[in-house]
Amino acid sequence: MLFQRRLVHFPLYAVGCGLETEFPLFANLLIILASSLVVIALFRRLRLPPVLGYLCVGLAVGPTALDWVNDSEELPDLAELGVVFLLFSLGLEFSLSKMLELRRVVFGLGSLQVLCSGAILAGLLALCGAPVIAALLLGAGLALSSTAIVSKELTSLGEIFSSHGQNAIGVLLFQDVVAVLLLTLVPVFAGSSEHPWYWALPLTLGKTLVLFGGLLLTSRLLLPRLFHEVAASRSAELFVLLALVIVLLTAWLTHLLGLSPALGAFLAGMLLGESHYRHQIEADIRPFRDILLGLFFVSIGMLIDLQLFLDDGLLILGLTLGLMLIKGCVVAALVKWRGSDGETAWRSGLALAQGGEFCFALMALMQQNRLMPADISGLLLAATFCSMLLTPLLLRAAPRIAARLHRKPNEEAQLDQISALNAGLSGHVVICGYGRVGQSIGRFLRREGQAFVALDDDPVIIQEATVGENCVHYGDSRRGDLLAAVGLSRARLLVIAVDKTDIAITVLKAARQVNHQVPILVRTRDDSQLAELQAAGASEVVPELLESSLMLASHALIMLGLPEQRVRHHVDQVRHDRYRLLHGFYPGNQDKEP
């Protein structure tokens, strides 16, 4: 299990009818969800990642702070379901064919990362006086990263299929297998296991292969028929129930085999990733995943002793920075050694630099088997927690950090090459983001004979686009030096077609530092951050939802027989008034719009 129950019961002193004694899980959930509601709303206003909010909630309501939540036996199991649902959703994105493409990352980079990081950390622990067996187990445990935090943050940032995102996911999958092996080895080294280590290792690997084979057969023979029958019934309730049963049944069977339930859920999702129903399955389980995953992060925060930060704050800070520096540099060096560019290497290192939730389970099990002193485990747990706390912020700052860290000759040569290719351009259009919207804009510009240069950080898009076009370049549009290299100072127009408003604002600020005068057109989903985009320097902002509503309304008026010139006048007036007419919105029970 990724999450171990605490052995000490912490009472909850609440005012009321004694719900905490009759229904401890009910009282715990009520307190956690109510606290999370307030804290997450505050963090969203402060533009901080929700994961930080959940961890802080756990820290606050835990036994060493406010002591609002007692140690319910059901809470850890319920919280662990969040990771199970997250890994299942992630598996839906990474189908079997994609995972076969990542096999070199999973087994190559993954094994090298665990071996190198584990050896360095184990050596340092041994030098600090830890017993050899404990140092080896702890070194391997600290080499593992947080599957829950990294997967969630990469998904929310839209970087799951980037080069560094695939490196991170591949390594994390290998780490999940290693986590199970380490849990198996702790009783072996403590002398309380039935099997020696040379039997325990192949037995665990054999169980993994049996699980994969069974899930593969089931996904090919049984599940398609089940989903077809449920889809034919046109019952949303049945579809949701089937999706939940598959996730929970897979996790339960994996647990019975002595493996990680999250790993089993990922394998099940991966094998369903090629199904026609995968998008509907993902949409159905998303609400359960997000709430339960938040509960998991709260549970992690509850394990930390606040008194340690008061007594050994500087030591914990040093351990945190040392852990992240060692792991980040090892991963970056390995990725670079395997042939990736410097930016991908550093961003992969930043993504995997933290400790993982598995350390909490490993250290608890080692304490139970008397392989580790309690004072050392407390410090290492606090350092691991701090590294997890920093990870969401680190991932958001990763583009700027990587840009500073990987200043190297071949990147300067790449910038020089891009500058040379676009040196003769003047009065052209720069497009930031070459997805569906950016490509549509490019087609219209090409039809009118208007020169343009496009930037995108998706390697798949760049690989496909550069086959027939020489005006598309790989790179992060938030980098001012790259915008300068594509000739933004001489451009006639800048179009920001990325699908995330926060990224668009960063691109805006970088662009205004390069060219104060160029008109900038920004695509955004709605008008929720219209004022902020304009304040950052946007000349025009086109909200997709409002514009599509406007086009539908204009077509409706024309079909009703109104003169086309009159309709066009209405449309122009609404656009001139910044869509003010469309701002009123009354959501109903059946409204599905975001």
# chains A, B, ... in the order shown; residues from 1 in each chain; ligands from 1
>>> residues_around(residues="Cys56 of chain A", least_positions_apart="4", cutoff="9 Å", atoms="only C-alpha atoms", output="list in words")
Val39, Val51, Leu52, Ala60, Val61, Phe297, Val298, Gly301, Met302 and Leu389 of chain A
>>> select_by_dssp(residues="segment 314-447 of chain A", states="helix (DSSP H, G or I)", output="count of residues only")
102
>>> atom_distance(atom1="atom CA of Gly480 of chain A", atom2="atom CA of Gln513 of chain A")
7.5 Å
>>> residues_around(residues="Leu292 of chain A", least_positions_apart="5", cutoff="7 Å", atoms="only C-alpha atoms", output="list in words")
Ala79, Leu81 and Gly82 of chain A
>>> select_by_dssp(residues="segment 527-557 of chain A", states="strand (DSSP E or B)", output="PyMOL selection string")
chain A and resi 540-543
>>> write_last_selection(atoms="N, CA, C and O atoms", output="tab-separated table (two decimals), in the first residue's frame")
chain	number	residue	atom	x	y	z
A	540	GLU	N	-6.40	42.76	-29.18
A	540	GLU	CA	-7.73	42.20	-29.34
A	540	GLU	C	-7.76	40.83	-28.68
A	540	GLU	O	-6.79	40.08	-28.76
A	541	VAL	N	-8.89	40.53	-28.04
A	541	VAL	CA	-9.09	39.22	-27.42
A	541	VAL	C	-10.34	38.59	-28.00
A	541	VAL	O	-11.40	39.23	-28.03
A	542	VAL	N	-10.21	37.36	-28.48
A	542	VAL	CA	-11.35	36.66	-29.09
A	542	VAL	C	-11.73	35.48	-28.19
A	542	VAL	O	-11.04	34.46	-28.17
A	543	PRO	N	-12.81	35.61	-27.40
A	543	PRO	CA	-13.27	34.48	-26.57
A	543	PRO	C	-14.05	33.49	-27.43
A	543	PRO	O	-15.05	33.83	-28.04
>>> residues_around(residues="Ile496 of chain A", least_positions_apart="4", cutoff="10 Å", atoms="only C-alpha atoms", output="tab-separated table (two decimals) with C-alpha atoms, in the first residue's frame")
chain	number	residue	atom	x	y	z
A	430	VAL	CA	4.03	35.36	-35.72
A	431	ILE	CA	1.74	32.58	-34.46
A	432	CYS	CA	2.34	31.21	-30.95
A	433	GLY	CA	0.70	27.80	-30.69
A	434	TYR	CA	0.29	25.72	-33.83
A	437	VAL	CA	-6.56	27.02	-34.22
A	438	GLY	CA	-3.02	28.07	-35.16
A	454	ALA	CA	4.74	29.60	-36.06
A	455	LEU	CA	6.07	28.34	-32.72
A	477	SER	CA	6.69	30.86	-26.91
A	501	THR	CA	-4.93	31.78	-20.59
A	503	ILE	CA	0.39	30.78	-20.66
A	504	ALA	CA	-1.06	33.41	-23.01
A	505	ILE	CA	-0.49	36.11	-20.38
A	507	VAL	CA	3.65	35.10	-23.75
A	508	LEU	CA	2.06	38.55	-23.86
A	520	ILE	CA	-1.40	41.24	-30.56
A	521	LEU	CA	-4.46	39.05	-31.11
A	522	VAL	CA	-5.18	36.56	-28.32
A	523	ARG	CA	-7.41	33.52	-28.45
A	524	THR	CA	-9.05	32.54	-25.16
A	538	ALA	CA	-3.40	42.37	-25.83
A	541	VAL	CA	-9.09	39.22	-27.42
>>> closest_residue(among="A:Leu259, A:Leu425, A:Ala353, A:Val69", to="Gln450 of chain A", atoms="only C-alpha atoms")
A:Leu425
